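Chemist: Encoded as structure tokens, here's the structure I'll be asking about.
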Amino acid sequence: MTQRSASAEPAEPAPPTRSETDLVIVTGVSGGGRSTVARALENVGYYVVDNLPQALMLDMAELAYAAGGTARRTAMVLDVRSRAFSTDLAGAVKALRDRGVTPRVVFVDADDELLILRFENVRRPLPLQGAGRLSDGIAAERELLREAREQADVFIDTSHLNVNQLRARVEELFGGEDTRKLRVTVLSFGFKYGLPPDADFVLDARFLPNPYWVPELRDHSGKEAAVRGYVLGQRGATAFVETYARLINATAPGFEREGKRYLTVAVGCTGGKHRSVAIAEELARRLREVRLSAHAQHRDLGRE
């Protein structure tokens, strides 16, 4: 008699391991650009903890692992302002690796002359300067950070980088292509309620006939086919949308190069219900056709 084997149950997915925690440690000389690096890491989805005492690195790594989700991409910014700062960064990194976490250490640096110029411009002393000169503080800080500099996984010299170039460099190293793309919000609004304060472009759709004065369209919005057809069917409406779609598409690469990640294109009419809504929806659609990340929002729709 042949024994029939029991059907195997599907295996449960393995639980995530600590090695899946994406941990970045940012350190470097004061004035080198740590804050800009931290903001760039936030732009690409990292949870950033600034001025973290080195003694808490293990605890923070465990919290990131336990939290899961986006917290698994965590960046810790260490600097000599912390009283708990230690020169034994290599030992702290080894302790993390013993726990199964493999961090990447980023060290930011710049020429002494440039560091002095940066601190003179903001008129504040270096953390280790004491009663001495700026150059004394820089020398003391370099000695404290010497081992961390030698053992860094990523070294960034910011001497010849402006803020936008540094941000782009970090996003290139730690972010995927999608995180560096410009995101466009086409925002409809009513002029009678005021201009959107965060608008980068303001478009005025009041040159088009107002559907409000068409009785059968008055109670409907620009999101509905009848109103949309009426607005876009008016003379000049299509050319208006096409012109601005070309303009935004042409300027998008420049905005991305300058580090801008969010662009707000505001489209206004009198009340923000008919013309601006229809134009905003159509403009967002045209931008998506040229592969820009665009969506429409309607600030004042339903406000009347």
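Identifiers in the structure tokens: chain A, B, ... in order shown; residue index from 1 per chain; ligand index from 1 in order shown.
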Write out as a VMD selection string the set of residues from segment 73-285 of chain A that DSSP, computed on the backbone, places in helix (DSSP H, G or I).
Modeler: chain A and resid 89 to 98 112 to 122 134 to 150 163 to 174 178 to 180 191 to 193 211 to 213 225 to 232 237 to 257 275 to 285
Chemist: Among segment 62-287 of chain A, which ones does DSSP place in strand (DSSP E), written as a PDB file with N, CA, C and O atoms, in the first residue's frame?
Modeler:
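Saved as part-v8.pdb:
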ATOM      1  N   ARG A  73      14.494  53.201   7.247  1.00  0.00           N
ATOM      2  CA  ARG A  73      15.490  54.053   6.579  1.00  0.00           C
ATOM      3  C   ARG A  73      15.756  55.220   7.532  1.00  0.00           C
ATOM      4  O   ARG A  73      15.048  56.220   7.540  1.00  0.00           O
ATOM      5  N   THR A  74      16.788  55.067   8.353  1.00  0.00           N
ATOM      6  CA  THR A  74      17.076  56.028   9.407  1.00  0.00           C
ATOM      7  C   THR A  74      18.477  56.583   9.233  1.00  0.00           C
ATOM      8  O   THR A  74      19.410  55.849   8.908  1.00  0.00           O
ATOM      9  N   ALA A  75      18.606  57.887   9.444  1.00  0.00           N
ATOM     10  CA  ALA A  75      19.912  58.537   9.420  1.00  0.00           C
ATOM     11  C   ALA A  75      20.163  59.189  10.767  1.00  0.00           C
ATOM     12  O   ALA A  75      19.278  59.830  11.329  1.00  0.00           O
ATOM     13  N   MET A  76      21.367  58.982  11.300  1.00  0.00           N
ATOM     14  CA  MET A  76      21.763  59.587  12.565  1.00  0.00           C
ATOM     15  C   MET A  76      22.867  60.597  12.289  1.00  0.00           C
ATOM     16  O   MET A  76      23.860  60.269  11.639  1.00  0.00           O
ATOM     17  N   VAL A  77      22.685  61.809  12.769  1.00  0.00           N
ATOM     18  CA  VAL A  77      23.677  62.860  12.571  1.00  0.00           C
ATOM     19  C   VAL A  77      24.438  63.048  13.879  1.00  0.00           C
ATOM     20  O   VAL A  77      23.859  63.402  14.905  1.00  0.00           O
ATOM     21  N   ARG A 104      26.079  52.708   6.960  1.00  0.00           N
ATOM     22  CA  ARG A 104      26.989  53.416   6.071  1.00  0.00           C
ATOM     23  C   ARG A 104      27.361  54.735   6.739  1.00  0.00           C
ATOM     24  O   ARG A 104      26.480  55.489   7.151  1.00  0.00           O
ATOM     25  N   VAL A 105      28.647  55.001   6.836  1.00  0.00           N
ATOM     26  CA  VAL A 105      29.120  56.215   7.504  1.00  0.00           C
ATOM     27  C   VAL A 105      29.472  57.255   6.448  1.00  0.00           C
ATOM     28  O   VAL A 105      30.278  56.997   5.551  1.00  0.00           O
ATOM     29  N   VAL A 106      28.860  58.428   6.564  1.00  0.00           N
ATOM     30  CA  VAL A 106      29.117  59.542   5.649  1.00  0.00           C
ATOM     31  C   VAL A 106      29.886  60.618   6.407  1.00  0.00           C
ATOM     32  O   VAL A 106      29.461  61.056   7.478  1.00  0.00           O
ATOM     33  N   PHE A 107      31.019  61.023   5.862  1.00  0.00           N
ATOM     34  CA  PHE A 107      31.827  62.077   6.482  1.00  0.00           C
ATOM     35  C   PHE A 107      31.865  63.269   5.541  1.00  0.00           C
ATOM     36  O   PHE A 107      32.237  63.153   4.371  1.00  0.00           O
ATOM     37  N   VAL A 108      31.465  64.456   6.056  1.00  0.00           N
ATOM     38  CA  VAL A 108      31.501  65.682   5.257  1.00  0.00           C
ATOM     39  C   VAL A 108      32.647  66.561   5.744  1.00  0.00           C
ATOM     40  O   VAL A 108      32.895  66.695   6.937  1.00  0.00           O
ATOM     41  N   ASP A 109      33.349  67.140   4.786  1.00  0.00           N
ATOM     42  CA  ASP A 109      34.540  67.927   5.109  1.00  0.00           C
ATOM     43  C   ASP A 109      34.633  69.107   4.153  1.00  0.00           C
ATOM     44  O   ASP A 109      33.909  69.174   3.152  1.00  0.00           O
ATOM     45  N   VAL A 154      31.533  56.821   2.903  1.00  0.00           N
ATOM     46  CA  VAL A 154      31.305  57.860   1.892  1.00  0.00           C
ATOM     47  C   VAL A 154      31.940  59.144   2.394  1.00  0.00           C
ATOM     48  O   VAL A 154      31.641  59.611   3.495  1.00  0.00           O
ATOM     49  N   PHE A 155      32.844  59.700   1.601  1.00  0.00           N
ATOM     50  CA  PHE A 155      33.499  60.960   1.954  1.00  0.00           C
ATOM     51  C   PHE A 155      33.052  62.023   0.963  1.00  0.00           C
ATOM     52  O   PHE A 155      33.152  61.837  -0.249  1.00  0.00           O
ATOM     53  N   ILE A 156      32.530  63.143   1.484  1.00  0.00           N
ATOM     54  CA  ILE A 156      32.065  64.225   0.617  1.00  0.00           C
ATOM     55  C   ILE A 156      32.793  65.505   0.983  1.00  0.00           C
ATOM     56  O   ILE A 156      32.663  66.019   2.102  1.00  0.00           O
ATOM     57  N   ASP A 157      33.571  66.024   0.053  1.00  0.00           N
ATOM     58  CA  ASP A 157      34.249  67.301   0.222  1.00  0.00           C
ATOM     59  C   ASP A 157      33.340  68.383  -0.348  1.00  0.00           C
ATOM     60  O   ASP A 157      33.074  68.423  -1.550  1.00  0.00           O
ATOM     61  N   ARG A 183       7.605  66.986  -8.325  1.00  0.00           N
ATOM     62  CA  ARG A 183       6.187  66.677  -8.162  1.00  0.00           C
ATOM     63  C   ARG A 183       5.392  67.973  -8.320  1.00  0.00           C
ATOM     64  O   ARG A 183       5.654  68.942  -7.615  1.00  0.00           O
ATOM     65  N   VAL A 184       4.441  67.967  -9.243  1.00  0.00           N
ATOM     66  CA  VAL A 184       3.691  69.178  -9.579  1.00  0.00           C
ATOM     67  C   VAL A 184       2.269  69.077  -9.042  1.00  0.00           C
ATOM     68  O   VAL A 184       1.561  68.098  -9.316  1.00  0.00           O
ATOM     69  N   THR A 185       1.869  70.072  -8.274  1.00  0.00           N
ATOM     70  CA  THR A 185       0.482  70.195  -7.825  1.00  0.00           C
ATOM     71  C   THR A 185      -0.166  71.329  -8.604  1.00  0.00           C
ATOM     72  O   THR A 185       0.313  72.471  -8.570  1.00  0.00           O
ATOM     73  N   VAL A 186      -1.230  71.018  -9.340  1.00  0.00           N
ATOM     74  CA  VAL A 186      -1.991  72.045 -10.048  1.00  0.00           C
ATOM     75  C   VAL A 186      -3.187  72.375  -9.165  1.00  0.00           C
ATOM     76  O   VAL A 186      -4.105  71.565  -9.007  1.00  0.00           O
ATOM     77  N   LEU A 187      -3.168  73.547  -8.589  1.00  0.00           N
ATOM     78  CA  LEU A 187      -4.119  73.927  -7.548  1.00  0.00           C
ATOM     79  C   LEU A 187      -5.118  74.954  -8.070  1.00  0.00           C
ATOM     80  O   LEU A 187      -4.744  76.069  -8.434  1.00  0.00           O
ATOM     81  N   SER A 188      -6.392  74.585  -8.100  1.00  0.00           N
ATOM     82  CA  SER A 188      -7.413  75.562  -8.470  1.00  0.00           C
ATOM     83  C   SER A 188      -7.780  76.388  -7.237  1.00  0.00           C
ATOM     84  O   SER A 188      -7.710  75.913  -6.102  1.00  0.00           O
ATOM     85  N   PHE A 189      -8.166  77.643  -7.480  1.00  0.00           N
ATOM     86  CA  PHE A 189      -8.543  78.510  -6.360  1.00  0.00           C
ATOM     87  C   PHE A 189      -9.446  79.614  -6.864  1.00  0.00           C
ATOM     88  O   PHE A 189      -9.571  79.853  -8.078  1.00  0.00           O
ATOM     89  N   GLY A 190     -10.095  80.306  -5.938  1.00  0.00           N
ATOM     90  CA  GLY A 190     -10.920  81.462  -6.258  1.00  0.00           C
ATOM     91  C   GLY A 190     -10.224  82.745  -5.847  1.00  0.00           C
ATOM     92  O   GLY A 190      -9.784  82.873  -4.699  1.00  0.00           O
ATOM     93  N   PHE A 201       3.680  79.335  -9.744  1.00  0.00           N
ATOM     94  CA  PHE A 201       3.086  79.968 -10.919  1.00  0.00           C
ATOM     95  C   PHE A 201       1.639  80.300 -10.573  1.00  0.00           C
ATOM     96  O   PHE A 201       0.968  79.523  -9.884  1.00  0.00           O
ATOM     97  N   VAL A 202       1.150  81.434 -11.057  1.00  0.00           N
ATOM     98  CA  VAL A 202      -0.266  81.786 -10.899  1.00  0.00           C
ATOM     99  C   VAL A 202      -0.857  82.017 -12.282  1.00  0.00           C
ATOM    100  O   VAL A 202      -0.388  82.883 -13.031  1.00  0.00           O
ATOM    101  N   LEU A 203      -1.888  81.240 -12.634  1.00  0.00           N
ATOM    102  CA  LEU A 203      -2.562  81.337 -13.923  1.00  0.00           C
ATOM    103  C   LEU A 203      -3.958  81.913 -13.691  1.00  0.00           C
ATOM    104  O   LEU A 203      -4.653  81.521 -12.741  1.00  0.00           O
ATOM    105  N   ASP A 204      -4.360  82.818 -14.545  1.00  0.00           N
ATOM    106  CA  ASP A 204      -5.658  83.487 -14.399  1.00  0.00           C
ATOM    107  C   ASP A 204      -6.597  83.025 -15.506  1.00  0.00           C
ATOM    108  O   ASP A 204      -6.389  83.333 -16.687  1.00  0.00           O
ATOM    109  N   TYR A 262       9.068  70.115  -5.211  1.00  0.00           N
ATOM    110  CA  TYR A 262       7.616  70.315  -5.266  1.00  0.00           C
ATOM    111  C   TYR A 262       7.335  71.655  -5.936  1.00  0.00           C
ATOM    112  O   TYR A 262       7.925  72.677  -5.587  1.00  0.00           O
ATOM    113  N   LEU A 263       6.443  71.631  -6.922  1.00  0.00           N
ATOM    114  CA  LEU A 263       6.082  72.831  -7.676  1.00  0.00           C
ATOM    115  C   LEU A 263       4.570  72.991  -7.603  1.00  0.00           C
ATOM    116  O   LEU A 263       3.824  72.038  -7.866  1.00  0.00           O
ATOM    117  N   THR A 264       4.116  74.179  -7.236  1.00  0.00           N
ATOM    118  CA  THR A 264       2.687  74.459  -7.160  1.00  0.00           C
ATOM    119  C   THR A 264       2.295  75.431  -8.259  1.00  0.00           C
ATOM    120  O   THR A 264       2.804  76.559  -8.316  1.00  0.00           O
ATOM    121  N   VAL A 265       1.407  74.983  -9.147  1.00  0.00           N
ATOM    122  CA  VAL A 265       0.884  75.802 -10.229  1.00  0.00           C
ATOM    123  C   VAL A 265      -0.560  76.139  -9.871  1.00  0.00           C
ATOM    124  O   VAL A 265      -1.428  75.259  -9.860  1.00  0.00           O
ATOM    125  N   ALA A 266      -0.811  77.386  -9.525  1.00  0.00           N
ATOM    126  CA  ALA A 266      -2.145  77.797  -9.086  1.00  0.00           C
ATOM    127  C   ALA A 266      -2.934  78.344 -10.274  1.00  0.00           C
ATOM    128  O   ALA A 266      -2.436  79.175 -11.034  1.00  0.00           O
ATOM    129  N   VAL A 267      -4.167  77.861 -10.422  1.00  0.00           N
ATOM    130  CA  VAL A 267      -5.056  78.296 -11.504  1.00  0.00           C
ATOM    131  C   VAL A 267      -6.281  78.925 -10.850  1.00  0.00           C
ATOM    132  O   VAL A 267      -7.008  78.252 -10.115  1.00  0.00           O
ATOM    133  N   GLY A 268      -6.498  80.205 -11.119  1.00  0.00           N
ATOM    134  CA  GLY A 268      -7.580  80.902 -10.441  1.00  0.00           C
ATOM    135  C   GLY A 268      -8.699  81.346 -11.363  1.00  0.00           C
ATOM    136  O   GLY A 268      -8.488  81.638 -12.538  1.00  0.00           O
ATOM    137  N   CYS A 269      -9.906  81.376 -10.806  1.00  0.00           N
ATOM    138  CA  CYS A 269     -11.050  82.041 -11.427  1.00  0.00           C
ATOM    139  C   CYS A 269     -11.747  82.809 -10.316  1.00  0.00           C
ATOM    140  O   CYS A 269     -11.174  82.975  -9.239  1.00  0.00           O
TER     141      CYS A 269
END
Chemist: At a cut-off of 12 Å, using only C-alpha atoms, what residues contact segment 38-44 of chain A? Leave out same-chain residues fewer than 2 positions from it and give the result as JSON, numbers by chain.
Modeler: {"A": [22, 23, 24, 25, 26, 27, 32, 33, 34, 35, 36, 46, 47, 48, 49, 50, 51, 70, 71, 73, 74, 75, 76, 77, 78, 106, 107, 108, 163, 164, 165, 166, 167, 168, 169, 170, 171, 172, 173, 174, 175, 176, 177, 178, 179, 180, 181, 182, 259, 260, 261, 262]}
Chemist: Now that the selection is made, can you save its residues with N, CA and C atoms as a short mmCIF file (atom, residue, chain, number, x, y, z; two decimals), in the first residue's frame?
Modeler:
data_model
loop_
_atom_site.label_atom_id
_atom_site.label_comp_id
_atom_site.auth_asym_id
_atom_site.auth_seq_id
_atom_site.Cartn_x
_atom_site.Cartn_y
_atom_site.Cartn_z
N ASP A 22 18.09 50.11 6.92
CA ASP A 22 18.98 50.97 6.14
C ASP A 22 19.41 52.13 7.03
N LEU A 23 20.59 52.01 7.60
CA LEU A 23 21.07 52.98 8.59
C LEU A 23 22.24 53.77 8.03
N VAL A 24 22.12 55.09 8.09
CA VAL A 24 23.19 55.98 7.63
C VAL A 24 23.63 56.82 8.82
N ILE A 25 24.94 56.89 9.03
CA ILE A 25 25.52 57.72 10.09
C ILE A 25 26.25 58.88 9.43
N VAL A 26 25.85 60.09 9.77
CA VAL A 26 26.43 61.30 9.16
C VAL A 26 27.25 62.02 10.22
N THR A 27 28.51 62.26 9.92
CA THR A 27 29.36 63.04 10.80
C THR A 27 30.29 63.89 9.94
N GLY A 32 30.83 71.85 7.62
CA GLY A 32 31.08 71.07 6.41
C GLY A 32 29.85 70.80 5.59
N GLY A 33 28.68 70.87 6.20
CA GLY A 33 27.44 70.66 5.46
C GLY A 33 26.58 69.53 5.99
N ARG A 34 26.75 69.17 7.27
CA ARG A 34 25.95 68.07 7.83
C ARG A 34 24.45 68.36 7.74
N SER A 35 24.05 69.60 8.02
CA SER A 35 22.62 69.92 8.01
C SER A 35 22.02 69.77 6.62
N THR A 36 22.78 70.18 5.59
CA THR A 36 22.30 70.02 4.22
C THR A 36 22.18 68.56 3.86
N TYR A 46 14.43 59.27 4.32
CA TYR A 46 15.03 58.82 5.57
C TYR A 46 14.40 59.55 6.76
N TYR A 47 14.29 58.82 7.87
CA TYR A 47 13.93 59.43 9.15
C TYR A 47 15.23 59.89 9.80
N VAL A 48 15.38 61.19 10.00
CA VAL A 48 16.67 61.76 10.41
C VAL A 48 16.61 62.18 11.87
N VAL A 49 17.60 61.73 12.65
CA VAL A 49 17.75 62.12 14.05
C VAL A 49 19.02 62.95 14.15
N ASP A 50 18.87 64.22 14.49
CA ASP A 50 20.02 65.13 14.51
C ASP A 50 20.63 65.20 15.90
N ASN A 51 21.96 65.38 15.93
CA ASN A 51 22.71 65.56 17.17
C ASN A 51 22.46 64.42 18.16
N THR A 70 8.78 52.94 7.04
CA THR A 70 9.73 53.95 6.60
C THR A 70 10.82 54.21 7.63
N ALA A 71 10.57 53.88 8.92
CA ALA A 71 11.58 54.11 9.95
C ALA A 71 12.79 53.23 9.75
N ARG A 73 14.49 53.20 7.25
CA ARG A 73 15.49 54.05 6.58
C ARG A 73 15.76 55.22 7.53
N THR A 74 16.79 55.07 8.35
CA THR A 74 17.08 56.03 9.41
C THR A 74 18.48 56.58 9.23
N ALA A 75 18.61 57.89 9.44
CA ALA A 75 19.91 58.54 9.42
C ALA A 75 20.16 59.19 10.77
N MET A 76 21.37 58.98 11.30
CA MET A 76 21.76 59.59 12.56
C MET A 76 22.87 60.60 12.29
N VAL A 77 22.69 61.81 12.77
CA VAL A 77 23.68 62.86 12.57
C VAL A 77 24.44 63.05 13.88
N LEU A 78 25.74 62.78 13.86
CA LEU A 78 26.60 62.90 15.03
C LEU A 78 27.55 64.07 14.83
N VAL A 106 28.86 58.43 6.56
CA VAL A 106 29.12 59.54 5.65
C VAL A 106 29.89 60.62 6.41
N PHE A 107 31.02 61.02 5.86
CA PHE A 107 31.83 62.08 6.48
C PHE A 107 31.87 63.27 5.54
N VAL A 108 31.46 64.46 6.06
CA VAL A 108 31.50 65.68 5.26
C VAL A 108 32.65 66.56 5.74
N VAL A 163 24.92 74.57 -2.08
CA VAL A 163 23.92 73.79 -1.36
C VAL A 163 23.15 72.85 -2.28
N ASN A 164 22.77 73.34 -3.45
CA ASN A 164 22.01 72.51 -4.38
C ASN A 164 22.83 71.35 -4.92
N GLN A 165 24.11 71.60 -5.18
CA GLN A 165 24.97 70.53 -5.69
C GLN A 165 25.21 69.47 -4.63
N LEU A 166 25.37 69.89 -3.37
CA LEU A 166 25.55 68.93 -2.29
C LEU A 166 24.30 68.08 -2.11
N ARG A 167 23.15 68.74 -2.14
CA ARG A 167 21.89 68.01 -2.00
C ARG A 167 21.72 67.00 -3.14
N ALA A 168 22.04 67.41 -4.35
CA ALA A 168 21.92 66.50 -5.49
C ALA A 168 22.87 65.32 -5.35
N ARG A 169 24.06 65.56 -4.82
CA ARG A 169 25.02 64.48 -4.63
C ARG A 169 24.50 63.45 -3.63
N VAL A 170 23.93 63.91 -2.54
CA VAL A 170 23.39 62.99 -1.53
C VAL A 170 22.21 62.21 -2.10
N GLU A 171 21.33 62.89 -2.83
CA GLU A 171 20.17 62.21 -3.41
C GLU A 171 20.60 61.20 -4.46
N GLU A 172 21.68 61.50 -5.16
CA GLU A 172 22.21 60.55 -6.13
C GLU A 172 22.73 59.29 -5.44
N LEU A 173 23.36 59.46 -4.27
CA LEU A 173 23.95 58.33 -3.55
C LEU A 173 22.91 57.49 -2.82
N PHE A 174 21.88 58.15 -2.28
CA PHE A 174 20.98 57.45 -1.36
C PHE A 174 19.52 57.40 -1.81
N GLY A 175 19.19 58.03 -2.90
CA GLY A 175 17.80 58.03 -3.35
C GLY A 175 17.65 57.39 -4.71
N GLY A 176 16.51 56.78 -4.94
CA GLY A 176 16.20 56.25 -6.26
C GLY A 176 15.81 57.37 -7.21
N GLU A 177 15.61 57.03 -8.45
CA GLU A 177 15.27 58.01 -9.48
C GLU A 177 13.96 58.72 -9.16
N ASP A 178 12.97 58.00 -8.65
CA ASP A 178 11.66 58.60 -8.39
C ASP A 178 11.73 59.67 -7.32
N THR A 179 12.62 59.49 -6.33
CA THR A 179 12.70 60.47 -5.25
C THR A 179 13.28 61.79 -5.70
N ARG A 180 13.97 61.80 -6.85
CA ARG A 180 14.57 63.04 -7.34
C ARG A 180 13.68 63.77 -8.34
N LYS A 181 12.53 63.19 -8.67
CA LYS A 181 11.66 63.81 -9.66
C LYS A 181 10.83 64.93 -9.04
N LEU A 182 10.57 65.93 -9.88
CA LEU A 182 9.73 67.05 -9.47
C LEU A 182 8.28 66.60 -9.40
N GLY A 259 17.37 71.63 -7.13
CA GLY A 259 16.98 70.96 -5.89
C GLY A 259 15.54 71.12 -5.49
N LYS A 260 14.71 71.70 -6.35
CA LYS A 260 13.30 71.87 -6.01
C LYS A 260 12.57 70.55 -6.27
N ARG A 261 11.79 70.10 -5.31
CA ARG A 261 11.11 68.81 -5.44
C ARG A 261 9.60 68.95 -5.58
N TYR A 262 9.07 70.12 -5.21
CA TYR A 262 7.62 70.32 -5.27
C TYR A 262 7.33 71.65 -5.94
#
Chemist: With distances taken over only C-alpha atoms, which residue among A:Lys273, A:Arg303, A:Ala252, A:Asp98 lies nearest Arg291 of chain A?
Modeler: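 Under the stated criterion, the closest residue is A:Ala252.
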Chemist: Tell me, in Å to one decimal, how far atom CA of Leu287 of chain A is from atom CA of Arg275 of chain A.
Modeler: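 Atom-to-atom, atom CA of Leu287 of chain A and atom CA of Arg275 of chain A are spaced 18.2 Å apart.
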Chemist: Which residue gives the smallest distance to Arg218 of chain A among A:His274, A:Arg286, A:Arg142, A:Arg149, with only C-alpha atoms counted?
Modeler: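 For Arg218 of chain A, the nearest of the candidates is A:His274.
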Chemist: Env of segment 206-216 of chain A: 12 Å cut, atoms = only C-alpha atoms, seq-sep filter 6 positions within chain, self excluded. Answer as a VMD selection string.
Modeler: chain A and resid 189 to 192 222 224 226 to 238 240 267 to 279
Chemist: Would you export the selected residues with N, CA, C and O atoms as a compact mmCIF listing (two decimals), in the first residue's frame, please?
Modeler:
# COMPACT_ATOMS: atom_id res chain seq x y z
N PHE A 189 -8.17 77.64 -7.48
CA PHE A 189 -8.54 78.51 -6.36
C PHE A 189 -9.45 79.61 -6.86
O PHE A 189 -9.57 79.85 -8.08
N GLY A 190 -10.10 80.31 -5.94
CA GLY A 190 -10.92 81.46 -6.26
C GLY A 190 -10.22 82.75 -5.85
O GLY A 190 -9.78 82.87 -4.70
N PHE A 191 -10.12 83.68 -6.78
CA PHE A 191 -9.44 84.94 -6.46
C PHE A 191 -10.12 85.67 -5.31
O PHE A 191 -9.45 86.38 -4.55
N LYS A 192 -11.42 85.49 -5.18
CA LYS A 192 -12.12 86.23 -4.11
C LYS A 192 -11.74 85.72 -2.72
O LYS A 192 -12.01 86.38 -1.72
N GLY A 222 -16.29 72.22 -12.20
CA GLY A 222 -15.41 71.93 -13.32
C GLY A 222 -14.92 70.50 -13.37
O GLY A 222 -14.25 70.11 -14.34
N GLU A 224 -17.02 68.07 -13.51
CA GLU A 224 -18.07 67.36 -14.23
C GLU A 224 -17.95 67.63 -15.73
O GLU A 224 -17.53 68.70 -16.17
N ALA A 226 -19.99 68.20 -18.21
CA ALA A 226 -20.69 69.29 -18.89
C ALA A 226 -19.95 70.61 -18.72
O ALA A 226 -19.77 71.37 -19.69
N VAL A 227 -19.51 70.89 -17.50
CA VAL A 227 -18.78 72.14 -17.25
C VAL A 227 -17.41 72.10 -17.92
O VAL A 227 -16.97 73.07 -18.53
N ARG A 228 -16.75 70.97 -17.80
CA ARG A 228 -15.43 70.84 -18.41
C ARG A 228 -15.51 71.05 -19.93
O ARG A 228 -14.69 71.75 -20.51
N GLY A 229 -16.51 70.46 -20.55
CA GLY A 229 -16.66 70.64 -21.99
C GLY A 229 -16.94 72.08 -22.36
O GLY A 229 -16.44 72.57 -23.38
N TYR A 230 -17.76 72.75 -21.55
CA TYR A 230 -18.08 74.16 -21.81
C TYR A 230 -16.82 75.02 -21.70
O TYR A 230 -16.53 75.85 -22.58
N VAL A 231 -16.04 74.83 -20.62
CA VAL A 231 -14.86 75.66 -20.39
C VAL A 231 -13.80 75.42 -21.46
O VAL A 231 -13.28 76.35 -22.08
N LEU A 232 -13.47 74.15 -21.70
CA LEU A 232 -12.41 73.83 -22.65
C LEU A 232 -12.83 74.08 -24.10
O LEU A 232 -11.97 74.16 -24.98
N GLY A 233 -14.12 74.21 -24.33
CA GLY A 233 -14.61 74.50 -25.67
C GLY A 233 -14.58 75.97 -26.03
O GLY A 233 -14.85 76.33 -27.18
N GLN A 234 -14.25 76.82 -25.04
CA GLN A 234 -14.21 78.26 -25.31
C GLN A 234 -12.95 78.63 -26.10
O GLN A 234 -11.89 77.99 -25.98
N ARG A 235 -13.06 79.67 -26.85
CA ARG A 235 -11.93 80.13 -27.67
C ARG A 235 -10.74 80.50 -26.78
O ARG A 235 -10.87 81.28 -25.84
N GLY A 236 -9.60 79.94 -27.07
CA GLY A 236 -8.37 80.23 -26.33
C GLY A 236 -8.09 79.30 -25.17
O GLY A 236 -6.98 79.29 -24.64
N ALA A 237 -9.08 78.48 -24.77
CA ALA A 237 -8.89 77.64 -23.60
C ALA A 237 -7.83 76.57 -23.84
O ALA A 237 -6.92 76.36 -23.02
N THR A 238 -7.93 75.88 -24.96
CA THR A 238 -6.96 74.82 -25.25
C THR A 238 -5.55 75.37 -25.42
O THR A 238 -4.58 74.80 -24.92
N PHE A 240 -4.38 78.03 -24.07
CA PHE A 240 -3.96 78.44 -22.72
C PHE A 240 -3.34 77.26 -21.99
O PHE A 240 -2.22 77.36 -21.43
N VAL A 267 -4.17 77.86 -10.42
CA VAL A 267 -5.06 78.30 -11.50
C VAL A 267 -6.28 78.92 -10.85
O VAL A 267 -7.01 78.25 -10.12
N GLY A 268 -6.50 80.20 -11.12
CA GLY A 268 -7.58 80.90 -10.44
C GLY A 268 -8.70 81.35 -11.36
O GLY A 268 -8.49 81.64 -12.54
N CYS A 269 -9.91 81.38 -10.81
CA CYS A 269 -11.05 82.04 -11.43
C CYS A 269 -11.75 82.81 -10.32
O CYS A 269 -11.17 82.98 -9.24
N THR A 270 -12.94 83.26 -10.53
CA THR A 270 -13.57 84.11 -9.53
C THR A 270 -13.82 83.37 -8.22
O THR A 270 -13.39 83.79 -7.15
N GLY A 271 -14.52 82.23 -8.31
CA GLY A 271 -14.89 81.52 -7.09
C GLY A 271 -14.21 80.19 -6.88
O GLY A 271 -14.38 79.57 -5.83
N GLY A 272 -13.44 79.72 -7.85
CA GLY A 272 -12.74 78.45 -7.68
C GLY A 272 -13.63 77.23 -7.82
O GLY A 272 -13.31 76.17 -7.25
N LYS A 273 -14.69 77.35 -8.64
CA LYS A 273 -15.63 76.23 -8.78
C LYS A 273 -15.71 75.70 -10.20
O LYS A 273 -15.79 74.48 -10.40
N HIS A 274 -15.67 76.57 -11.19
CA HIS A 274 -15.92 76.14 -12.57
C HIS A 274 -14.65 76.16 -13.42
O HIS A 274 -14.05 75.12 -13.71
N ARG A 275 -14.27 77.36 -13.87
CA ARG A 275 -13.18 77.49 -14.85
C ARG A 275 -11.84 76.98 -14.31
O ARG A 275 -11.15 76.20 -14.99
N SER A 276 -11.45 77.41 -13.12
CA SER A 276 -10.14 77.02 -12.60
C SER A 276 -10.07 75.52 -12.35
O SER A 276 -9.02 74.90 -12.56
N VAL A 277 -11.18 74.93 -11.93
CA VAL A 277 -11.19 73.48 -11.66
C VAL A 277 -11.01 72.70 -12.96
O VAL A 277 -10.20 71.77 -13.05
N ALA A 278 -11.77 73.10 -13.99
CA ALA A 278 -11.66 72.41 -15.27
C ALA A 278 -10.27 72.57 -15.88
O ALA A 278 -9.68 71.60 -16.39
N ILE A 279 -9.71 73.76 -15.81
CA ILE A 279 -8.38 74.01 -16.37
C ILE A 279 -7.33 73.24 -15.58
O ILE A 279 -6.39 72.66 -16.15
Chemist: Do you have the atom CA of Ala110 of chain A-atom CA of Ile138 of chain A distance handy?
Modeler: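 Computing the Euclidean distance for atom CA of Ala110 of chain A and atom CA of Ile138 of chain A yields 10.7 Å.
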Chemist: Rank nothing, just name the residue among A:Pro103, A:Gln297, A:Lys223, A:Leu134 nearest to Ala152 of chain A, using only C-alpha atoms.
Modeler: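 So, comparing all the options, the nearest one is A:Pro103.
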Chemist: Using only C-alpha atoms, can you tell me which of A:Gly137, A:Ala55, A:Ser30, A:Leu301 comes closest to His220 of chain A?
Modeler: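 For His220 of chain A, the nearest of the given residues is A:Leu301.
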